[in-house]
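One structure below.
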Amino acid sequence: MRTLLFVMLVCATTFVRAQIKLISGQYTTEDGYYTVTINYNQNSLTLIEPNLTSTYNRVEGNIFSYVHQRNNVDYRIEVINPSTIQTFKQGVANSRHTIKLTSTSNVASSEQFKTYYAMAERYKAKMLTDKKDAQLWSFCAAAAMARSTMNDEGFKNYATKVSSSIKLITINKAKCPCEDAIPTDIWNKAN
C-alpha cells in the first residue's frame, strides 16, 4: 500500500510539474543586461530577441528546445515557475542562466518586432550612406530596435533618453527626424 501511495505521489508531482504555465511578457537576466520577450502557449514558446525570433517546442515536461539552423546548437529553456525560466545548451555543463519576468504590459508581438527591426535596419543603412548625420541615424536605429522588443513603458523611458540625445545634435529641435521610430508625444516631452 505504501508503495502504491508513493508511486501515485511521484506521478502526481510529475503531472503538476508538467503543467507549469509561463506568463508571457518581458524577461530579464539577473544582472539586467539582457531582456527578451516571451510569448507562451501550451506546447511552444516564442523568444523575441533584438536580432532573432525563435520558436522553442516542448520536448518533455517543462523543457523546450530550439535548434539553431546556422550552428546546429540545441538551445533549451526550462520553465521553473510561472515567472522564471532557465536557458541552457543541451549537453553543456554550467550553461544555465536564470531569466525572470519583469513586465507583462503590452508585450511586443512578433509583428511589432518585424516592423521595427526592419526600420532599425533602414536607419543603420542611412548611417552608412549619410555619414555627416551618422550619429543621428544611429540614435533613430537604436530607438526602432528598442521599440521592436520593449513593452510600452520600457520603450517610452528609452525613447525619451534617445530624444534628449538627438536634441543635443540636431538644429530643428521642434521636429523629430525619425517620427516613425519615436512618437511625437515622446519627442515633445523630452528635454
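We name chains A, B, ... following the order of the C-alpha cells; residues begin at 1 in each chain, and ligands are numbered from 1 as shown.
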Residue neighbourhood Lys124 of chain A, 8 Å, only C-alpha atoms, exclusion window fewer than 4 positions, as number ranges by chain: A: 120, 128, 137-138, 141
Kindly save the residues from that selection, with C-alpha atoms included, as a tab-separated table (two decimals), in the first residue's frame.
chain	number	residue	atom	x	y	z
A	120	ALA	CA	16.16	49.85	-37.44
A	128	LEU	CA	26.47	54.34	-43.97
A	137	TRP	CA	20.67	57.89	-37.71
A	138	SER	CA	22.29	55.64	-35.12
A	141	ALA	CA	18.12	52.95	-35.34
According to DSSP computed on the backbone, where in segment 71-164 of chain A is there helix (DSSP H, G or I)? Give the residues as a PyMOL selection string. chain A and resi 110-129+131-149+152-164
Pick the closest to Pro183 of chain A from A:Val73, A:Ala144, A:Ala93, A:Leu45: which is it, counting only C-alpha atoms? A:Ala144
Skip Thr53 of chain A itself and residues of its chain fewer than 5 positions away, then list as a ChimeraX atom specification all residues within 9 Å of it, counting only C-alpha atoms. /A:46-48,110,113
Using DSSP secondary structure from the backbone, list all strand (DSSP E or B) positions within chain A, as JSON, numbers by chain. {"A": [25, 26, 27, 28, 29, 35, 36, 37, 38, 39, 40, 41, 44, 45, 46, 47, 48, 53, 54, 55, 56, 57, 58, 59, 60, 63, 64, 65, 66, 67, 74, 75, 76, 77, 78, 79, 80, 81, 84, 85, 86, 87, 88, 89, 97, 98, 99, 100, 101, 102, 103]}
Do you have, as JSON lines, the list of residues of segment 79-156 of chain A lying at most 6 Å from segment 26-40 of chain A, each with its nearest atom pair and that distance in Å to one decimal, counting only C-alpha atoms and ordered by chain then number?
{"residue": "A:Ile99", "atom": "CA", "partner": "A:Thr29", "partner_atom": "CA", "distance": 4.4}
{"residue": "A:Lys100", "atom": "CA", "partner": "A:Tyr27", "partner_atom": "CA", "distance": 5.0}
{"residue": "A:Leu101", "atom": "CA", "partner": "A:Tyr27", "partner_atom": "CA", "distance": 4.3}
{"residue": "A:Thr102", "atom": "CA", "partner": "A:Tyr27", "partner_atom": "CA", "distance": 5.4}
{"residue": "A:Ser103", "atom": "CA", "partner": "A:Gln26", "partner_atom": "CA", "distance": 5.1}
Output all heavy atoms for every residue in the selection just made, as a compact mmCIF listing (two decimals), in the first residue's frame.
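Result written to part28.txt:
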# COMPACT_ATOMS: atom_id res chain seq x y z
N ILE A 99 16.41 33.69 -15.99
CA ILE A 99 15.77 34.89 -16.53
C ILE A 99 14.39 34.98 -15.89
O ILE A 99 13.63 34.02 -15.90
CB ILE A 99 15.68 34.84 -18.07
CG1 ILE A 99 17.06 34.61 -18.68
CG2 ILE A 99 15.05 36.12 -18.60
CD1 ILE A 99 17.06 34.49 -20.18
N LYS A 100 14.06 36.17 -15.36
CA LYS A 100 12.79 36.33 -14.63
C LYS A 100 11.89 37.35 -15.32
O LYS A 100 12.35 38.30 -15.94
CB LYS A 100 13.06 36.76 -13.20
CG LYS A 100 13.80 35.71 -12.41
CD LYS A 100 13.90 36.06 -10.96
CE LYS A 100 14.56 34.89 -10.25
NZ LYS A 100 14.15 34.76 -8.90
N LEU A 101 10.60 37.15 -15.13
CA LEU A 101 9.59 38.06 -15.66
C LEU A 101 9.76 39.44 -15.04
O LEU A 101 9.89 39.56 -13.82
CB LEU A 101 8.19 37.52 -15.34
CG LEU A 101 7.00 38.34 -15.81
CD1 LEU A 101 6.88 38.30 -17.33
CD2 LEU A 101 5.72 37.83 -15.18
N THR A 102 9.77 40.46 -15.89
CA THR A 102 9.88 41.83 -15.38
C THR A 102 8.69 42.70 -15.76
O THR A 102 8.44 43.71 -15.13
CB THR A 102 11.17 42.51 -15.91
OG1 THR A 102 11.21 42.39 -17.33
CG2 THR A 102 12.40 41.88 -15.29
N SER A 103 7.94 42.29 -16.80
CA SER A 103 6.79 43.09 -17.21
C SER A 103 5.85 42.26 -18.07
O SER A 103 6.30 41.43 -18.86
CB SER A 103 7.25 44.31 -18.01
OG SER A 103 6.13 45.03 -18.48
Shell around Leu168 of chain A at 12 Å using only C-alpha atoms, local window under 3 positions removed, as a ChimeraX atom specification: /A:135-136,139,161-165,171-173,190-191
Find, counting only C-alpha atoms, the residue in A:Tyr117, A:Val79, A:Gln90, A:Lys21 that gets nearest to Met150 of chain A.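 Closest candidate: A:Tyr117.
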Nearest to Thr98 of chain A: which of A:Gly61, A:Ser44, A:Ser83, A:Met145 is it, counting only C-alpha atoms?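 For Thr98 of chain A, the nearest of the given residues is A:Ser83.
Minimum atom-to-atom distances from A:Lys89, A:Ile80, A:Ile166, A:Thr160 to Val67 of chain A were compared using only C-alpha atoms, and the lowest value belongs to A:Lys89.
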Quick one, how far is atom CA of Ala159 of chain A from atom CA of Thr129 of chain A?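 The value is 23.8 Å.
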Excluding same-chain residues fewer than 6 positions from Tyr158 of chain A, what lies within 9 Å of it counting only C-alpha atoms, as a ChimeraX atom specification? /A:143,146-147
Near-Tyr66 of chain A list (9 Å; only C-alpha atoms; drop same-chain fewer than 3 positions) as number ranges by chain: A: 54-57, 73-77
Would you export the selected residues with all heavy atoms as a PDB file, in the first residue's frame, please?
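Output (selection.pdb):
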ATOM      1  N   SER A  54      12.818  33.162 -32.139  1.00  0.00           N
ATOM      2  CA  SER A  54      12.975  31.707 -32.139  1.00  0.00           C
ATOM      3  C   SER A  54      11.775  31.055 -31.479  1.00  0.00           C
ATOM      4  O   SER A  54      11.338  31.495 -30.422  1.00  0.00           O
ATOM      5  CB  SER A  54      14.234  31.304 -31.362  1.00  0.00           C
ATOM      6  OG  SER A  54      15.346  32.039 -31.787  1.00  0.00           O
ATOM      7  N   THR A  55      11.283  29.994 -32.090  1.00  0.00           N
ATOM      8  CA  THR A  55      10.185  29.236 -31.504  1.00  0.00           C
ATOM      9  C   THR A  55      10.750  27.956 -30.890  1.00  0.00           C
ATOM     10  O   THR A  55      11.347  27.142 -31.595  1.00  0.00           O
ATOM     11  CB  THR A  55       9.113  28.898 -32.543  1.00  0.00           C
ATOM     12  OG1 THR A  55       8.602  30.118 -33.073  1.00  0.00           O
ATOM     13  CG2 THR A  55       7.975  28.104 -31.922  1.00  0.00           C
ATOM     14  N   TYR A  56      10.570  27.825 -29.591  1.00  0.00           N
ATOM     15  CA  TYR A  56      11.010  26.651 -28.847  1.00  0.00           C
ATOM     16  C   TYR A  56       9.806  25.720 -28.696  1.00  0.00           C
ATOM     17  O   TYR A  56       8.734  26.162 -28.299  1.00  0.00           O
ATOM     18  CB  TYR A  56      11.503  27.042 -27.456  1.00  0.00           C
ATOM     19  CG  TYR A  56      12.841  27.751 -27.441  1.00  0.00           C
ATOM     20  CD1 TYR A  56      12.985  29.042 -27.932  1.00  0.00           C
ATOM     21  CD2 TYR A  56      13.955  27.126 -26.899  1.00  0.00           C
ATOM     22  CE1 TYR A  56      14.200  29.690 -27.904  1.00  0.00           C
ATOM     23  CE2 TYR A  56      15.186  27.764 -26.867  1.00  0.00           C
ATOM     24  CZ  TYR A  56      15.298  29.051 -27.367  1.00  0.00           C
ATOM     25  OH  TYR A  56      16.516  29.688 -27.332  1.00  0.00           O
ATOM     26  N   ASN A  57      10.004  24.432 -28.983  1.00  0.00           N
ATOM     27  CA  ASN A  57       8.928  23.449 -28.864  1.00  0.00           C
ATOM     28  C   ASN A  57       9.157  22.578 -27.643  1.00  0.00           C
ATOM     29  O   ASN A  57      10.302  22.226 -27.330  1.00  0.00           O
ATOM     30  CB  ASN A  57       8.857  22.589 -30.124  1.00  0.00           C
ATOM     31  CG  ASN A  57       8.466  23.421 -31.325  1.00  0.00           C
ATOM     32  OD1 ASN A  57       7.447  24.102 -31.311  1.00  0.00           O
ATOM     33  ND2 ASN A  57       9.275  23.397 -32.366  1.00  0.00           N
ATOM     34  N   VAL A  73      23.207  24.208 -32.861  1.00  0.00           N
ATOM     35  CA  VAL A  73      23.250  24.069 -31.403  1.00  0.00           C
ATOM     36  C   VAL A  73      21.829  23.913 -30.881  1.00  0.00           C
ATOM     37  O   VAL A  73      20.918  24.629 -31.301  1.00  0.00           O
ATOM     38  CB  VAL A  73      23.939  25.284 -30.746  1.00  0.00           C
ATOM     39  CG1 VAL A  73      23.850  25.227 -29.225  1.00  0.00           C
ATOM     40  CG2 VAL A  73      25.394  25.369 -31.192  1.00  0.00           C
ATOM     41  N   ASP A  74      21.645  22.982 -29.959  1.00  0.00           N
ATOM     42  CA  ASP A  74      20.339  22.726 -29.341  1.00  0.00           C
ATOM     43  C   ASP A  74      20.217  23.588 -28.092  1.00  0.00           C
ATOM     44  O   ASP A  74      20.785  23.281 -27.045  1.00  0.00           O
ATOM     45  CB  ASP A  74      20.215  21.238 -28.986  1.00  0.00           C
ATOM     46  CG  ASP A  74      18.832  20.869 -28.469  1.00  0.00           C
ATOM     47  OD1 ASP A  74      17.958  21.758 -28.340  1.00  0.00           O
ATOM     48  OD2 ASP A  74      18.630  19.677 -28.174  1.00  0.00           O
ATOM     49  N   TYR A  75      19.498  24.693 -28.223  1.00  0.00           N
ATOM     50  CA  TYR A  75      19.261  25.592 -27.093  1.00  0.00           C
ATOM     51  C   TYR A  75      18.002  25.132 -26.372  1.00  0.00           C
ATOM     52  O   TYR A  75      17.029  24.745 -27.004  1.00  0.00           O
ATOM     53  CB  TYR A  75      19.092  27.036 -27.566  1.00  0.00           C
ATOM     54  CG  TYR A  75      20.350  27.607 -28.177  1.00  0.00           C
ATOM     55  CD1 TYR A  75      20.530  27.627 -29.555  1.00  0.00           C
ATOM     56  CD2 TYR A  75      21.361  28.124 -27.374  1.00  0.00           C
ATOM     57  CE1 TYR A  75      21.682  28.147 -30.118  1.00  0.00           C
ATOM     58  CE2 TYR A  75      22.521  28.652 -27.925  1.00  0.00           C
ATOM     59  CZ  TYR A  75      22.674  28.656 -29.306  1.00  0.00           C
ATOM     60  OH  TYR A  75      23.820  29.174 -29.842  1.00  0.00           O
ATOM     61  N   ARG A  76      18.028  25.191 -25.057  1.00  0.00           N
ATOM     62  CA  ARG A  76      16.893  24.739 -24.267  1.00  0.00           C
ATOM     63  C   ARG A  76      16.443  25.830 -23.303  1.00  0.00           C
ATOM     64  O   ARG A  76      17.228  26.664 -22.859  1.00  0.00           O
ATOM     65  CB  ARG A  76      17.270  23.492 -23.447  1.00  0.00           C
ATOM     66  CG  ARG A  76      17.724  22.291 -24.264  1.00  0.00           C
ATOM     67  CD  ARG A  76      16.543  21.570 -24.868  1.00  0.00           C
ATOM     68  NE  ARG A  76      16.911  20.481 -25.732  1.00  0.00           N
ATOM     69  CZ  ARG A  76      16.665  19.209 -25.477  1.00  0.00           C
ATOM     70  NH1 ARG A  76      16.068  18.838 -24.363  1.00  0.00           N
ATOM     71  NH2 ARG A  76      17.005  18.290 -26.358  1.00  0.00           N
ATOM     72  N   ILE A  77      15.157  25.779 -22.972  1.00  0.00           N
ATOM     73  CA  ILE A  77      14.563  26.628 -21.939  1.00  0.00           C
ATOM     74  C   ILE A  77      13.768  25.717 -21.024  1.00  0.00           C
ATOM     75  O   ILE A  77      12.950  24.925 -21.490  1.00  0.00           O
ATOM     76  CB  ILE A  77      13.642  27.714 -22.533  1.00  0.00           C
ATOM     77  CG1 ILE A  77      14.465  28.719 -23.337  1.00  0.00           C
ATOM     78  CG2 ILE A  77      12.847  28.403 -21.434  1.00  0.00           C
ATOM     79  CD1 ILE A  77      13.638  29.793 -24.021  1.00  0.00           C
TER      80      ILE A  77
END
Leaving out Lys175 of chain A and any residue of its chain fewer than 3 positions from it, which residues lie within 10 Å of it when counting only C-alpha atoms, given as a PDB file with C-alpha atoms, in the first residue's frame?
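Result went into out39.pdb, see below:
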ATOM      1  CA  LYS A 167      18.042  67.207 -29.483  1.00  0.00           C
ATOM      2  CA  THR A 170      20.034  68.498 -34.244  1.00  0.00           C
ATOM      3  CA  ILE A 171      19.302  72.018 -35.404  1.00  0.00           C
ATOM      4  CA  ASN A 172      15.489  71.757 -35.585  1.00  0.00           C
ATOM      5  CA  CYS A 178      12.540  59.840 -37.203  1.00  0.00           C
ATOM      6  CA  GLU A 179       8.881  60.109 -36.203  1.00  0.00           C
ATOM      7  CA  THR A 184       5.732  62.817 -31.478  1.00  0.00           C
ATOM      8  CA  TRP A 187       9.696  63.691 -28.657  1.00  0.00           C
ATOM      9  CA  ASN A 188       7.788  66.774 -27.455  1.00  0.00           C
TER      10      ASN A 188
END
Expressed in Å to a single decimal, how great is the separation between atom CA of Arg70 of chain A and atom CA of Glu49 of chain A? 16.3 Å
